[in-house]
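Chemist: File follows, protein_28.pdb with PDB, C-alpha atoms:
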```pdb
ATOM      1  CA  MET N 219       0.000   0.000   0.000  1.00  0.00           C
ATOM      2  CA  ILE N 220       2.817   2.407   0.848  1.00  0.00           C
ATOM      3  CA  GLU N 221       4.498   1.590  -2.481  1.00  0.00           C
ATOM      4  CA  VAL N 222       1.363   2.595  -4.411  1.00  0.00           C
ATOM      5  CA  PHE N 223       1.217   5.872  -2.457  1.00  0.00           C
ATOM      6  CA  VAL N 224       4.871   6.632  -3.237  1.00  0.00           C
ATOM      7  CA  ILE N 225       4.370   5.848  -6.932  1.00  0.00           C
ATOM      8  CA  MET N 226       1.271   8.062  -7.110  1.00  0.00           C
ATOM      9  CA  ARG N 227       3.012  10.875  -5.229  1.00  0.00           C
ATOM     10  CA  ASN N 228       5.969  10.679  -7.607  1.00  0.00           C
ATOM     11  CA  LEU N 229       3.618  10.684 -10.624  1.00  0.00           C
ATOM     12  CA  ARG N 230       1.835  13.710  -9.152  1.00  0.00           C
ATOM     13  CA  ILE N 231       5.062  15.647  -8.639  1.00  0.00           C
ATOM     14  CA  LEU N 232       6.450  14.679 -12.044  1.00  0.00           C
ATOM     15  CA  SER N 233       3.240  15.581 -13.867  1.00  0.00           C
ATOM     16  CA  PHE N 234       3.115  18.961 -12.092  1.00  0.00           C
ATOM     17  CA  PHE N 235       6.605  19.863 -13.315  1.00  0.00           C
ATOM     18  CA  VAL N 236       5.979  18.495 -16.815  1.00  0.00           C
ATOM     19  CA  PHE N 237       2.899  20.703 -17.170  1.00  0.00           C
ATOM     20  CA  LEU N 238       4.716  23.638 -15.612  1.00  0.00           C
ATOM     21  CA  ALA N 239       7.299  23.269 -18.394  1.00  0.00           C
ATOM     22  CA  ILE N 240       4.676  22.759 -21.123  1.00  0.00           C
ATOM     23  CA  PHE N 241       2.642  25.786 -20.002  1.00  0.00           C
ATOM     24  CA  SER N 242       5.796  27.919 -19.790  1.00  0.00           C
ATOM     25  CA  LEU N 243       7.093  26.826 -23.178  1.00  0.00           C
ATOM     26  CA  THR N 244       3.726  27.480 -24.828  1.00  0.00           C
ATOM     27  CA  PHE N 245       3.569  30.942 -23.246  1.00  0.00           C
ATOM     28  CA  ALA N 246       7.159  31.734 -24.264  1.00  0.00           C
ATOM     29  CA  LEU N 247       6.668  30.618 -27.874  1.00  0.00           C
ATOM     30  CA  ALA N 248       3.402  32.535 -28.230  1.00  0.00           C
ATOM     31  CA  SER N 249       4.994  35.673 -26.796  1.00  0.00           C
ATOM     32  CA  GLU N 250       7.450  35.642 -29.715  1.00  0.00           C
ATOM     33  CA  VAL N 251       4.708  35.621 -32.375  1.00  0.00           C
ATOM     34  CA  GLN N 252       4.923  38.748 -34.515  1.00  0.00           C
ATOM     35  CA  LEU N 253       1.518  40.388 -34.713  1.00  0.00           C
ATOM     36  CA  SER N 254       0.321  42.863 -37.284  1.00  0.00           C
ATOM     37  CA  GLU N 255      -0.524  46.374 -36.179  1.00  0.00           C
ATOM     38  CA  ASP N 256      -4.228  45.627 -36.610  1.00  0.00           C
ATOM     39  CA  GLU N 257      -4.007  42.439 -34.532  1.00  0.00           C
ATOM     40  CA  THR N 258      -2.113  44.289 -31.818  1.00  0.00           C
ATOM     41  CA  THR N 259      -4.720  47.058 -31.770  1.00  0.00           C
ATOM     42  CA  ILE N 260      -7.596  44.575 -31.491  1.00  0.00           C
ATOM     43  CA  ILE N 261      -5.907  42.612 -28.689  1.00  0.00           C
ATOM     44  CA  MET N 262      -5.003  45.734 -26.734  1.00  0.00           C
ATOM     45  CA  GLU N 263      -8.527  47.153 -27.094  1.00  0.00           C
ATOM     46  CA  GLU N 264      -9.993  43.864 -25.834  1.00  0.00           C
ATOM     47  CA  PHE N 265      -7.497  43.853 -22.975  1.00  0.00           C
ATOM     48  CA  ASP N 266      -8.371  47.443 -22.029  1.00  0.00           C
ATOM     49  CA  THR N 267     -12.102  46.668 -22.149  1.00  0.00           C
ATOM     50  CA  MET N 268     -11.661  43.531 -20.077  1.00  0.00           C
ATOM     51  CA  THR N 269      -9.508  45.189 -17.409  1.00  0.00           C
ATOM     52  CA  LYS N 270     -11.224  48.581 -17.192  1.00  0.00           C
ATOM     53  CA  GLY N 271     -12.562  49.044 -13.683  1.00  0.00           C
ATOM     54  CA  ILE N 272     -11.528  45.543 -12.586  1.00  0.00           C
ATOM     55  CA  ASP N 273     -10.782  45.029  -8.911  1.00  0.00           C
ATOM     56  CA  ALA N 274      -9.052  42.245  -6.980  1.00  0.00           C
ATOM     57  CA  MET N 275     -12.165  40.055  -6.923  1.00  0.00           C
ATOM     58  CA  GLY N 276     -12.640  40.617 -10.658  1.00  0.00           C
ATOM     59  CA  ILE N 277      -9.085  39.457 -11.322  1.00  0.00           C
ATOM     60  CA  PHE N 278      -9.651  36.455  -9.062  1.00  0.00           C
ATOM     61  CA  VAL N 279     -12.950  35.490 -10.730  1.00  0.00           C
ATOM     62  CA  HIS N 280     -11.395  35.862 -14.185  1.00  0.00           C
ATOM     63  CA  ASN N 281      -8.394  33.664 -13.288  1.00  0.00           C
ATOM     64  CA  VAL N 282     -10.534  31.032 -11.530  1.00  0.00           C
ATOM     65  CA  SER N 283     -12.886  30.871 -14.531  1.00  0.00           C
ATOM     66  CA  ILE N 284      -9.850  30.103 -16.672  1.00  0.00           C
ATOM     67  CA  ALA N 285      -8.305  27.640 -14.204  1.00  0.00           C
ATOM     68  CA  LEU N 286     -11.216  25.455 -13.072  1.00  0.00           C
ATOM     69  CA  PRO N 287     -11.931  23.960 -16.534  1.00  0.00           C
ATOM     70  CA  MET N 288      -8.301  22.813 -16.536  1.00  0.00           C
ATOM     71  CA  PHE N 289      -9.323  20.088 -14.071  1.00  0.00           C
ATOM     72  CA  ILE N 290     -11.604  18.442 -16.651  1.00  0.00           C
ATOM     73  CA  PRO N 291      -9.991  15.136 -17.669  1.00  0.00           C
ATOM     74  CA  GLY N 292      -8.222  15.531 -21.004  1.00  0.00           C
ATOM     75  CA  PHE N 293      -9.952  18.764 -22.007  1.00  0.00           C
ATOM     76  CA  GLY N 294      -8.156  20.607 -19.210  1.00  0.00           C
ATOM     77  CA  ILE N 295      -4.807  20.071 -20.885  1.00  0.00           C
ATOM     78  CA  ILE N 296      -6.026  21.564 -24.161  1.00  0.00           C
ATOM     79  CA  TRP N 297      -7.729  24.445 -22.322  1.00  0.00           C
ATOM     80  CA  GLY N 298      -4.533  25.110 -20.356  1.00  0.00           C
ATOM     81  CA  LEU N 299      -2.446  25.197 -23.520  1.00  0.00           C
ATOM     82  CA  PHE N 300      -4.965  27.591 -25.064  1.00  0.00           C
ATOM     83  CA  ALA N 301      -4.727  29.818 -21.976  1.00  0.00           C
ATOM     84  CA  ALA N 302      -0.918  29.771 -22.116  1.00  0.00           C
ATOM     85  CA  PHE N 303      -0.942  30.565 -25.841  1.00  0.00           C
ATOM     86  CA  SER N 304      -3.508  33.367 -25.424  1.00  0.00           C
ATOM     87  CA  THR N 305      -1.533  34.903 -22.573  1.00  0.00           C
ATOM     88  CA  GLY N 306       1.646  34.726 -24.652  1.00  0.00           C
ATOM     89  CA  ILE N 307      -0.088  36.416 -27.587  1.00  0.00           C
ATOM     90  CA  ALA N 308      -1.341  39.163 -25.246  1.00  0.00           C
ATOM     91  CA  PHE N 309       2.219  39.646 -23.974  1.00  0.00           C
ATOM     92  CA  SER N 310       3.427  39.859 -27.580  1.00  0.00           C
ATOM     93  CA  ALA N 311       0.842  42.576 -28.259  1.00  0.00           C
ATOM     94  CA  MET N 312       1.965  44.445 -25.151  1.00  0.00           C
ATOM     95  CA  LYS N 313       5.585  44.253 -26.312  1.00  0.00           C
ATOM     96  CA  SER N 314       4.507  45.972 -29.527  1.00  0.00           C
ATOM     97  CA  THR N 315       2.928  48.864 -27.650  1.00  0.00           C
ATOM     98  CA  ILE N 316       5.355  49.097 -24.705  1.00  0.00           C
ATOM     99  CA  PRO N 317       8.902  48.884 -26.111  1.00  0.00           C
ATOM    100  CA  LEU N 318      10.427  48.476 -22.641  1.00  0.00           C
ATOM    101  CA  LEU N 319       8.833  44.999 -22.462  1.00  0.00           C
ATOM    102  CA  ASN N 320      11.067  43.859 -25.332  1.00  0.00           C
ATOM    103  CA  GLN N 321      13.938  43.919 -22.846  1.00  0.00           C
ATOM    104  CA  ILE N 322      12.139  41.564 -20.443  1.00  0.00           C
ATOM    105  CA  PRO N 323      12.364  37.833 -21.186  1.00  0.00           C
ATOM    106  CA  PRO N 324       8.787  36.470 -21.286  1.00  0.00           C
ATOM    107  CA  LEU N 325       9.496  33.665 -18.823  1.00  0.00           C
ATOM    108  CA  SER N 326      10.719  36.157 -16.247  1.00  0.00           C
ATOM    109  CA  ILE N 327       7.120  37.457 -16.110  1.00  0.00           C
ATOM    110  CA  LEU N 328       6.061  33.972 -15.009  1.00  0.00           C
ATOM    111  CA  PHE N 329       8.923  33.056 -12.727  1.00  0.00           C
ATOM    112  CA  MET N 330      10.238  36.299 -11.263  1.00  0.00           C
ATOM    113  CA  SER N 331       6.961  37.820 -10.166  1.00  0.00           C
ATOM    114  CA  PRO N 332       4.930  36.452  -7.274  1.00  0.00           C
ATOM    115  CA  VAL N 333       1.720  36.810  -9.305  1.00  0.00           C
ATOM    116  CA  GLY N 334       3.198  34.890 -12.231  1.00  0.00           C
ATOM    117  CA  LEU N 335       4.454  32.128  -9.952  1.00  0.00           C
ATOM    118  CA  MET N 336       1.077  31.780  -8.245  1.00  0.00           C
ATOM    119  CA  GLU N 337      -0.800  31.649 -11.524  1.00  0.00           C
ATOM    120  CA  VAL N 338       1.514  29.241 -13.322  1.00  0.00           C
ATOM    121  CA  ALA N 339       1.570  26.967 -10.254  1.00  0.00           C
ATOM    122  CA  ALA N 340      -2.237  26.985 -10.081  1.00  0.00           C
ATOM    123  CA  TYR N 341      -2.606  26.248 -13.782  1.00  0.00           C
ATOM    124  CA  SER N 342       0.007  23.480 -13.622  1.00  0.00           C
ATOM    125  CA  ILE N 343      -1.787  21.856 -10.684  1.00  0.00           C
ATOM    126  CA  ALA N 344      -5.034  21.803 -12.661  1.00  0.00           C
ATOM    127  CA  MET N 345      -3.533  20.629 -15.960  1.00  0.00           C
ATOM    128  CA  SER N 346      -1.545  17.859 -14.318  1.00  0.00           C
ATOM    129  CA  ARG N 347      -4.647  16.641 -12.456  1.00  0.00           C
ATOM    130  CA  SER N 348      -6.483  16.644 -15.789  1.00  0.00           C
ATOM    131  CA  TYR N 349      -3.743  14.404 -17.166  1.00  0.00           C
ATOM    132  CA  ILE N 350      -3.819  12.047 -14.169  1.00  0.00           C
ATOM    133  CA  LEU N 351      -7.601  11.683 -14.398  1.00  0.00           C
ATOM    134  CA  ILE N 352      -7.687  11.083 -18.158  1.00  0.00           C
ATOM    135  CA  HIS N 353      -4.812   8.610 -17.825  1.00  0.00           C
ATOM    136  CA  LYS N 354      -6.773   6.674 -15.206  1.00  0.00           C
ATOM    137  CA  LEU N 355      -9.971   6.777 -17.266  1.00  0.00           C
ATOM    138  CA  ILE N 356      -8.166   5.457 -20.343  1.00  0.00           C
ATOM    139  CA  LYS N 357      -6.563   2.687 -18.289  1.00  0.00           C
ATOM    140  CA  LYS N 358      -9.994   1.971 -16.759  1.00  0.00           C
ATOM    141  CA  MET N 359      -8.644   2.648 -13.287  1.00  0.00           C
ATOM    142  CA  PRO N 360     -10.983   3.980 -10.598  1.00  0.00           C
ATOM    143  CA  ILE N 361     -10.810   7.735 -10.064  1.00  0.00           C
ATOM    144  CA  ARG N 362     -12.832   7.692  -6.866  1.00  0.00           C
ATOM    145  CA  PRO N 363      -9.598   7.662  -4.774  1.00  0.00           C
ATOM    146  CA  ASP N 364      -8.619  10.917  -6.539  1.00  0.00           C
ATOM    147  CA  ILE N 365     -11.693  12.861  -5.451  1.00  0.00           C
ATOM    148  CA  ARG N 366     -10.203  13.967  -2.141  1.00  0.00           C
ATOM    149  CA  ALA N 367      -6.859  14.931  -3.694  1.00  0.00           C
ATOM    150  CA  THR N 368      -8.632  16.810  -6.481  1.00  0.00           C
ATOM    151  CA  CYS N 369     -10.756  18.731  -3.959  1.00  0.00           C
ATOM    152  CA  ILE N 370      -7.627  19.671  -2.010  1.00  0.00           C
ATOM    153  CA  GLU N 371      -5.977  20.818  -5.246  1.00  0.00           C
ATOM    154  CA  VAL N 372      -9.021  22.932  -6.132  1.00  0.00           C
ATOM    155  CA  VAL N 373      -8.757  24.622  -2.726  1.00  0.00           C
ATOM    156  CA  ILE N 374      -5.021  25.218  -3.238  1.00  0.00           C
ATOM    157  CA  LEU N 375      -5.735  26.650  -6.695  1.00  0.00           C
ATOM    158  CA  VAL N 376      -8.444  28.966  -5.340  1.00  0.00           C
ATOM    159  CA  VAL N 377      -6.188  30.189  -2.506  1.00  0.00           C
ATOM    160  CA  LEU N 378      -3.286  30.804  -4.909  1.00  0.00           C
ATOM    161  CA  LEU N 379      -5.475  32.695  -7.361  1.00  0.00           C
ATOM    162  CA  LEU N 380      -7.226  34.680  -4.630  1.00  0.00           C
ATOM    163  CA  ALA N 381      -3.903  35.813  -3.184  1.00  0.00           C
ATOM    164  CA  GLY N 382      -2.607  36.422  -6.706  1.00  0.00           C
ATOM    165  CA  GLY N 383      -5.677  38.481  -7.614  1.00  0.00           C
ATOM    166  CA  PHE N 384      -5.264  40.760  -4.621  1.00  0.00           C
ATOM    167  CA  LEU N 385      -1.508  41.076  -5.183  1.00  0.00           C
ATOM    168  CA  GLU N 386      -1.973  41.803  -8.888  1.00  0.00           C
ATOM    169  CA  TYR N 387      -4.592  44.447  -8.102  1.00  0.00           C
ATOM    170  CA  PHE N 388      -2.296  46.020  -5.531  1.00  0.00           C
ATOM    171  CA  LEU N 389       0.553  46.100  -8.062  1.00  0.00           C
ATOM    172  CA  ILE N 390      -1.688  47.601 -10.764  1.00  0.00           C
ATOM    173  CA  GLU N 391      -2.905  50.285  -8.357  1.00  0.00           C
ATOM    174  CA  SER N 392       0.658  51.011  -7.232  1.00  0.00           C
ATOM    175  CA  MET N 393       1.848  51.322 -10.819  1.00  0.00           C
ATOM    176  CA  SER N 394      -1.043  53.579 -11.849  1.00  0.00           C
ATOM    177  CA  GLY N 395      -0.265  55.864  -8.914  1.00  0.00           C
ATOM    178  CA  PHE N 396       3.385  55.813  -9.895  1.00  0.00           C
ATOM    179  CA  ASP N 397       2.565  56.696 -13.506  1.00  0.00           C
ATOM    180  CA  SER N 398       0.327  59.632 -12.572  1.00  0.00           C
ATOM    181  CA  GLY N 399       2.998  60.854 -10.158  1.00  0.00           C
ATOM    182  CA  MET N 400       5.521  60.792 -12.961  1.00  0.00           C
ATOM    183  CA  ILE N 401       3.302  62.909 -15.205  1.00  0.00           C
ATOM    184  CA  ASP N 402       2.750  65.692 -12.638  1.00  0.00           C
TER     185      ASP N 402
END
```
Show me this structure written as structure tokens.
Modeler:
Amino acid sequence: MIEVFVIMRNLRILSFFVFLAIFSLTFALASEVQLSEDETTIIMEEFDTMTKGIDAMGIFVHNVSIALPMFIPGFGIIWGLFAAFSTGIAFSAMKSTIPLLNQIPPLSILFMSPVGLMEVAAYSIAMSRSYILIHKLIKKMPIRPDIRATCIEVVILVVLLLAGGFLEYFLIESMSGFDSGMID
């Protein structure tokens, strides 16, 4: 029994890091896509519309609505890759409009900021659980033993994204105050 637990724990840890790498690579590759001026304008207008007036809870709800479908067996992996690609494309658009971002390696956004770390960890937890569940379903293994672990992972994801939402909002507010102070 202990051997099965150790094997499952090792699979869990390995799958987390594999999906962390896959998410990161997808984001990094998408952030290097060259967009036309029209595409950049459309993406930035959508981004502005989506983020206008958003608060910490709005950021949290947005991120959770992206993350929770990543738990769906099989589909969650595809959804997670789509989210990574979309985020990378948005970063590419931002690089076109904010030249200073060209000097920042895309992966540093994920791994050198607390918000990025929290989000990529949450998404990797969900995507890797999606993989574990679909793997078990394909192998016709029972997933009932995974219900408790999945519930715990959902709670971890929610806590990470809640903290990340409040931190991101705080950083946005701090930066907007900094910008207006620079203009005066």
Chemist: Name the closest residue to Ala302 of chain N among the candidates N:Pro363, N:Ser249, N:Asn320, N:Thr258; distances are taken between atoms, counting all atoms listed in the file.
Modeler: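 Under the stated criterion, the closest residue is N:Ser249.
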Chemist: Taking (4.0, 27.4, -16.2) in the file's coordinates as the center, which residues reach within 12 Å of it, counting only C-alpha atoms, put as a PyMOL selection string?
Modeler: chain N and resi 234-246+298-299+301-303+305-306+324-330+333-346
Chemist: Write out, as JSON lines, each residue of segment 268-312 of chain N that has an atom at most 6 Å from segment 369-385 of chain N, together with the closest pair of atoms and their distance in Å to one decimal, counting all atoms listed in the file, rows going by chain and rising number.
Modeler:
```
{"residue": "N:Ala274", "atom": "CA", "partner": "N:Phe384", "partner_atom": "CA", "distance": 4.7}
{"residue": "N:Ile277", "atom": "CA", "partner": "N:Gly383", "partner_atom": "CA", "distance": 5.1}
{"residue": "N:Phe278", "atom": "CA", "partner": "N:Gly383", "partner_atom": "CA", "distance": 4.7}
```
Chemist: Please, what distance in Å, to one decimal, runs between atom CA of Arg362 of chain N and atom CA of Pro291 of chain N?
Modeler: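 Going from atom CA of Arg362 of chain N over to atom CA of Pro291 of chain N covers 13.4 Å.
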Chemist: At what distance in Å, to one decimal, does atom CA of Tyr349 of chain N lie from atom CA of Ala367 of chain N?
Modeler: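 Value for the atom CA of Ala367 of chain N-atom CA of Tyr349 of chain N distance: 13.8 Å.
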Chemist: Report the centre and edge lengths, in Å to one decimal, of an axis-aligned box enclosing every atom of segment 350-362 of chain N listed in the file, padded by 3 Å on each side, as lines of an AutoDock Vina configuration file.
Modeler:
```
center_x = -8.3
center_y = 7.0
center_z = -13.6
size_x = 15.0
size_y = 16.1
size_z = 19.5
```
Chemist: For a test of reading the model, state the distance in Å between atom CA of Met288 of chain N and atom CA of Val251 of chain N, rounded to one decimal.
Modeler: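 It comes out at 24.2 Å.
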Chemist: At a cut-off of 12 Å from (3.1, 42.9, -26.1) in the coordinates of the file, what residues are picked up using all atoms listed in the file, written as an MDAnalysis selection string?
Modeler: chainID N and resid 248:255 257:259 261:262 265 304:324
Chemist: Which one of N:Val279, N:Ile284, N:Glu221, N:Gly292 sits closest to Ile356 of chain N if you count only C-alpha atoms?
Modeler: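 Checking each of N:Val279, N:Ile284, N:Glu221, N:Gly292 against Ile356 of chain N, counting only C-alpha atoms, the winner is N:Gly292.
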Chemist: Restricting the calculation to all atoms listed in the file: of N:Phe289, N:Ile361, N:Leu389, N:Asn281, which residue gets closest to Pro332 of chain N?
Modeler: N:Leu389
